[in-house]
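J.: File my_file35.tsv follows (TSV, C-alpha atoms):
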```
chain	number	residue	atom	x	y	z
A	1	MET	CA	0.00	0.00	0.00
A	2	ALA	CA	1.34	3.41	-0.90
A	3	GLU	CA	1.44	6.06	1.79
A	4	PRO	CA	-1.21	8.78	1.51
A	5	ALA	CA	0.02	12.06	0.02
A	6	GLU	CA	-0.85	14.01	3.19
A	7	PRO	CA	0.22	11.81	6.11
A	8	THR	CA	-0.84	14.36	8.74
A	9	ARG	CA	-4.39	14.24	7.40
A	10	TYR	CA	-4.43	10.59	8.38
A	11	ALA	CA	-2.70	10.80	11.79
A	12	PHE	CA	-4.82	9.42	14.61
A	13	GLU	CA	-4.06	8.40	18.16
A	14	TYR	CA	-5.84	5.46	19.72
A	15	PRO	CA	-6.46	4.82	23.42
A	16	ASP	CA	-4.07	2.33	25.02
A	17	GLN	CA	-6.71	-0.41	25.08
A	18	ALA	CA	-6.94	-0.33	21.26
A	19	GLY	CA	-3.85	-2.53	21.07
A	20	TYR	CA	-1.37	-0.15	19.45
A	21	PRO	CA	1.78	-0.09	21.64
A	22	ASP	CA	2.72	3.43	20.54
A	23	GLY	CA	-0.86	4.72	20.69
A	24	THR	CA	-1.02	5.29	16.95
A	25	GLY	CA	-2.43	3.17	14.18
A	26	THR	CA	-1.93	3.10	10.45
A	27	LEU	CA	-4.97	3.73	8.31
A	28	SER	CA	-5.71	1.47	5.38
A	29	GLN	CA	-6.08	2.87	1.88
A	30	ASP	CA	-9.84	2.19	2.19
A	31	GLN	CA	-10.01	4.31	5.35
A	32	ALA	CA	-8.01	7.10	3.67
A	33	VAL	CA	-10.50	7.18	0.77
A	34	LEU	CA	-13.42	7.54	3.21
A	35	ILE	CA	-11.65	10.26	5.18
A	36	ASP	CA	-11.10	12.13	1.92
A	37	GLU	CA	-14.83	11.83	1.19
A	38	VAL	CA	-15.80	13.21	4.59
A	39	VAL	CA	-13.34	16.10	4.33
A	40	ASP	CA	-13.54	16.99	0.64
A	41	ASP	CA	-16.98	15.93	-0.56
A	42	PRO	CA	-19.81	17.35	1.57
A	43	HIS	CA	-22.46	17.10	-1.16
A	44	ALA	CA	-25.62	15.03	-0.84
A	45	PRO	CA	-25.18	11.31	-1.54
A	46	ALA	CA	-25.50	10.15	-5.13
A	47	PHE	CA	-27.88	7.37	-4.07
A	48	ASP	CA	-31.10	7.52	-2.14
A	49	PHE	CA	-30.59	4.97	0.60
A	50	TYR	CA	-32.09	4.11	3.93
A	51	VAL	CA	-30.36	3.13	7.15
A	52	VAL	CA	-31.29	0.13	9.26
A	53	ASN	CA	-29.99	-0.37	12.78
A	54	ASP	CA	-29.57	-4.14	13.07
A	55	GLU	CA	-29.40	-4.32	16.85
A	56	LYS	CA	-28.91	-8.11	16.79
A	57	THR	CA	-25.63	-7.86	14.87
A	58	GLY	CA	-24.72	-4.35	16.09
A	59	ILE	CA	-24.43	-2.60	12.75
A	60	TYR	CA	-26.03	0.35	11.07
A	61	GLU	CA	-26.48	-0.65	7.43
A	62	ALA	CA	-26.97	1.65	4.43
A	63	ILE	CA	-29.36	-0.08	2.02
A	64	VAL	CA	-30.22	0.62	-1.63
A	65	GLY	CA	-32.99	-1.63	-2.92
A	66	ASP	CA	-32.14	-5.02	-1.44
A	67	ASN	CA	-28.38	-4.39	-1.24
A	68	GLU	CA	-26.23	-3.26	1.63
A	69	ILE	CA	-23.82	-0.62	0.30
A	70	ALA	CA	-22.19	0.54	3.54
A	71	GLY	CA	-22.10	-0.17	7.24
A	72	LEU	CA	-21.03	1.13	10.60
A	73	PRO	CA	-20.69	-1.59	13.24
A	74	TYR	CA	-20.86	-0.76	16.92
A	75	ASN	CA	-20.68	-2.27	20.37
A	76	ILE	CA	-23.01	-1.38	23.20
A	77	ALA	CA	-21.25	0.03	26.26
A	78	GLY	CA	-23.83	0.24	29.00
A	79	ASP	CA	-27.30	1.68	28.62
A	80	ASP	CA	-26.23	5.05	27.31
A	81	ARG	CA	-23.18	4.65	25.06
A	82	LEU	CA	-22.28	3.10	21.72
A	83	VAL	CA	-18.72	2.37	20.58
A	84	LEU	CA	-18.59	3.18	16.86
A	85	LEU	CA	-16.07	0.79	15.33
A	86	ALA	CA	-15.40	1.15	11.59
A	87	THR	CA	-17.20	2.83	8.71
A	88	SER	CA	-17.10	0.81	5.50
A	89	VAL	CA	-18.48	1.46	2.05
A	90	PHE	CA	-18.35	-1.04	-0.82
A	91	PRO	CA	-15.78	0.21	-3.37
A	92	GLU	CA	-18.26	0.89	-6.15
A	93	PHE	CA	-20.17	3.29	-3.86
A	94	ARG	CA	-17.21	5.29	-2.53
A	95	LYS	CA	-16.61	8.97	-3.24
A	96	GLN	CA	-20.34	9.53	-3.62
A	97	GLY	CA	-21.23	10.93	-0.20
A	98	ILE	CA	-22.46	7.63	1.25
A	99	ALA	CA	-20.02	7.52	4.21
A	100	THR	CA	-20.76	11.11	5.13
A	101	GLU	CA	-24.52	10.64	5.07
A	102	LEU	CA	-24.38	7.27	6.86
A	103	ILE	CA	-22.36	8.78	9.71
A	104	ARG	CA	-24.72	11.77	9.90
A	105	ARG	CA	-27.76	9.51	10.16
A	106	VAL	CA	-26.13	7.23	12.75
A	107	LEU	CA	-25.19	10.21	14.92
A	108	ASP	CA	-28.69	11.66	14.54
A	109	ASP	CA	-30.09	8.31	15.73
A	110	VAL	CA	-27.68	8.24	18.69
A	111	ARG	CA	-28.81	11.75	19.62
A	112	ALA	CA	-32.48	10.79	19.33
A	113	GLN	CA	-31.82	7.90	21.74
A	114	GLY	CA	-30.12	10.22	24.23
A	115	LYS	CA	-26.86	8.26	24.07
A	116	THR	CA	-23.20	9.17	23.66
A	117	VAL	CA	-20.47	7.58	21.54
A	118	THR	CA	-16.95	6.36	21.90
A	119	ILE	CA	-15.25	6.63	18.54
A	120	MET	CA	-12.86	3.91	17.41
A	121	CYS	CA	-13.41	4.80	13.73
A	122	PRO	CA	-11.14	7.54	12.36
A	123	ILE	CA	-13.68	8.32	9.65
A	124	VAL	CA	-16.33	9.15	12.26
A	125	ARG	CA	-13.75	11.20	14.18
A	126	THR	CA	-12.95	13.18	11.03
A	127	PHE	CA	-16.65	13.71	10.31
A	128	ILE	CA	-17.23	15.15	13.79
A	129	GLU	CA	-14.17	17.41	13.50
A	130	HIS	CA	-15.73	18.87	10.35
A	131	HIS	CA	-19.25	18.94	11.82
A	132	PRO	CA	-18.78	20.22	15.38
A	133	GLU	CA	-22.53	20.23	15.96
A	134	TYR	CA	-22.07	16.51	16.73
A	135	ALA	CA	-19.16	16.95	19.19
A	136	ASP	CA	-21.51	16.87	22.19
A	137	LEU	CA	-22.23	13.20	21.42
A	138	ILE	CA	-18.67	12.14	22.24
A	139	ASP	CA	-18.53	10.58	25.69
A	140	PRO	CA	-16.13	12.78	27.72
A	141	LYS	CA	-14.85	9.85	29.81
A	142	HIS	CA	-14.42	7.50	26.85
A	143	PRO	CA	-13.81	9.57	23.70
A	144	GLY	CA	-11.91	6.89	21.78
A	145	VAL	CA	-9.59	7.69	18.89
A	146	THR	CA	-8.31	11.25	18.68
A	147	LYS	CA	-6.76	13.25	15.90
A	148	GLY	CA	-2.97	13.23	15.93
A	149	SER	CA	-1.02	16.22	17.09
A	150	HIS	CA	-0.25	17.31	13.51
A	151	ARG	CA	-3.17	18.71	11.60
A	152	SER	CA	-3.35	19.44	7.92
```
Can the structure from this file be put into structure tokens for me?

T.:
Amino acid sequence: MAEPAEPTRYAFEYPDQAGYPDGTGTLSQDQAVLIDEVVDDPHAPAFDFYVVNDEKTGIYEAIVGDNEIAGLPYNIAGDDRLVLLATSVFPEFRKQGIATELIRRVLDDVRAQGKTVTIMCPIVRTFIEHHPEYADLIDPKHPGVTKGSHRS
């Protein structure tokens, strides 16, 4: 995998329990593409999709027709907090605003439930940094992944 052109754009620090000895993790090329979408492409999604919260499997799914096109898995942490794990979008649906809109709808649902989030997904972290109206949803005691000390 080639390194992203702007490494500071992709610098994130993980909490100690995430399993990275130095507190930092390397983003995959797939994650870098989704971060670029969230940062650079704020337009409405190209597809009309709906979101289903599959509580049994712990994933918010973006659905078009009968097909899942994206997902955001989570763990439940007590009665009032979700741990958002990893945003994914099938390759053919990337760079079309799907990740951005999925994250927005998930966070809107979390807010409607009166819950907070711990963010383990750097794409969600980037979204919230660019949409500070969602920052109040981050659990202050368990924020999760944070942006690295170098910002682009």

J.: Between CA of Leu85 in chain A and CA of Asp136 in chain A, measure the distance and give it in Å to one decimal.

T.: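 Between CA of Leu85 in chain A and CA of Asp136 in chain A the gap is 18.3 Å.
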
J.: Please determine, counting all atoms listed in the file, which residue among A:Ala70, A:Phe90, A:Ile123, A:Asp80 has the shortest atom-to-atom distance to Leu137 in chain A.

T.: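 Checking each of A:Ala70, A:Phe90, A:Ile123, A:Asp80 against Leu137 in chain A, counting all atoms listed in the file, the winner is A:Asp80.
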
J.: Within 10 Å of Leu72 in chain A, counting only C-alpha atoms, which residues qualify if same-chain residues fewer than 6 places away don't, as a list in words?

T.: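 Close residues of Leu72 in chain A: Asn53, Gly58, Ile59, Tyr60, Glu61, Ala62, Leu84, Leu85, Ala86, Thr87, Ser88, Val89, Ala99, Leu102, Ile103, Val106, Cys121 and Val124 of chain A.
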
J.: From the list A:Glu101, A:Asp109, A:Glu92, A:Asp66, which residue is nearest His131 in chain A when using all atoms listed in the file?

T.: A:Glu101

J.: From the set A:Leu107, A:Ile35, A:Ile69, A:Val117, which residue has the shortest atom-to-atom contact distance to Tyr134 in chain A, counting only C-alpha atoms?

T.: A:Leu107

J.: Rounded to one decimal, what separation in Å do you get between CA of Gly78 in chain A and CA of Pro140 in chain A?

T.: 14.8 Å

J.: Could you check the closest approach to Arg111 in chain A for each of A:Asp139, A:Glu129, A:Glu68, A:Asp36 and tell me which residue wins, using all atoms listed in the file?

T.: A:Asp139

J.: In Å, rounded to a single decimal, give me how far CA of Thr116 in chain A is from CA of Tyr74 in chain A.

T.: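 Interatomic distance here is 12.2 Å.
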
J.: Which residue is closest to Thr57 in chain A? Choose from A:Thr146, A:Gln96, A:Thr126, A:Asn75 and count only C-alpha atoms.

T.: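 The answer is A:Asn75, which sits nearest to Thr57 in chain A.
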
J.: Step by step: start from the point (-11.2, 8.6, 21.7) in the file's coordinates, keep every protein, DNA or RNA residue that has an atom no farther than 7 Å from it, count only C-alpha atoms, and write the set as a compact mmCIF listing (two decimals) with C-alpha atoms, keeping the file's coordinate frame.

T.:
```txt
# COMPACT_ATOMS: atom_id res chain seq x y z
CA TYR A 14 -5.84 5.46 19.72
CA PRO A 15 -6.46 4.82 23.42
CA THR A 118 -16.95 6.36 21.90
CA ILE A 119 -15.25 6.63 18.54
CA MET A 120 -12.86 3.91 17.41
CA HIS A 142 -14.42 7.50 26.85
CA PRO A 143 -13.81 9.57 23.70
CA GLY A 144 -11.91 6.89 21.78
CA VAL A 145 -9.59 7.69 18.89
CA THR A 146 -8.31 11.25 18.68
```

J.: Considering only C-alpha atoms, can you say which of A:Val64, A:Ile98, A:Val110, A:Ala135 comes closest to Arg81 in chain A?

T.: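 Result for the nearest residue to Arg81 in chain A: A:Val110.
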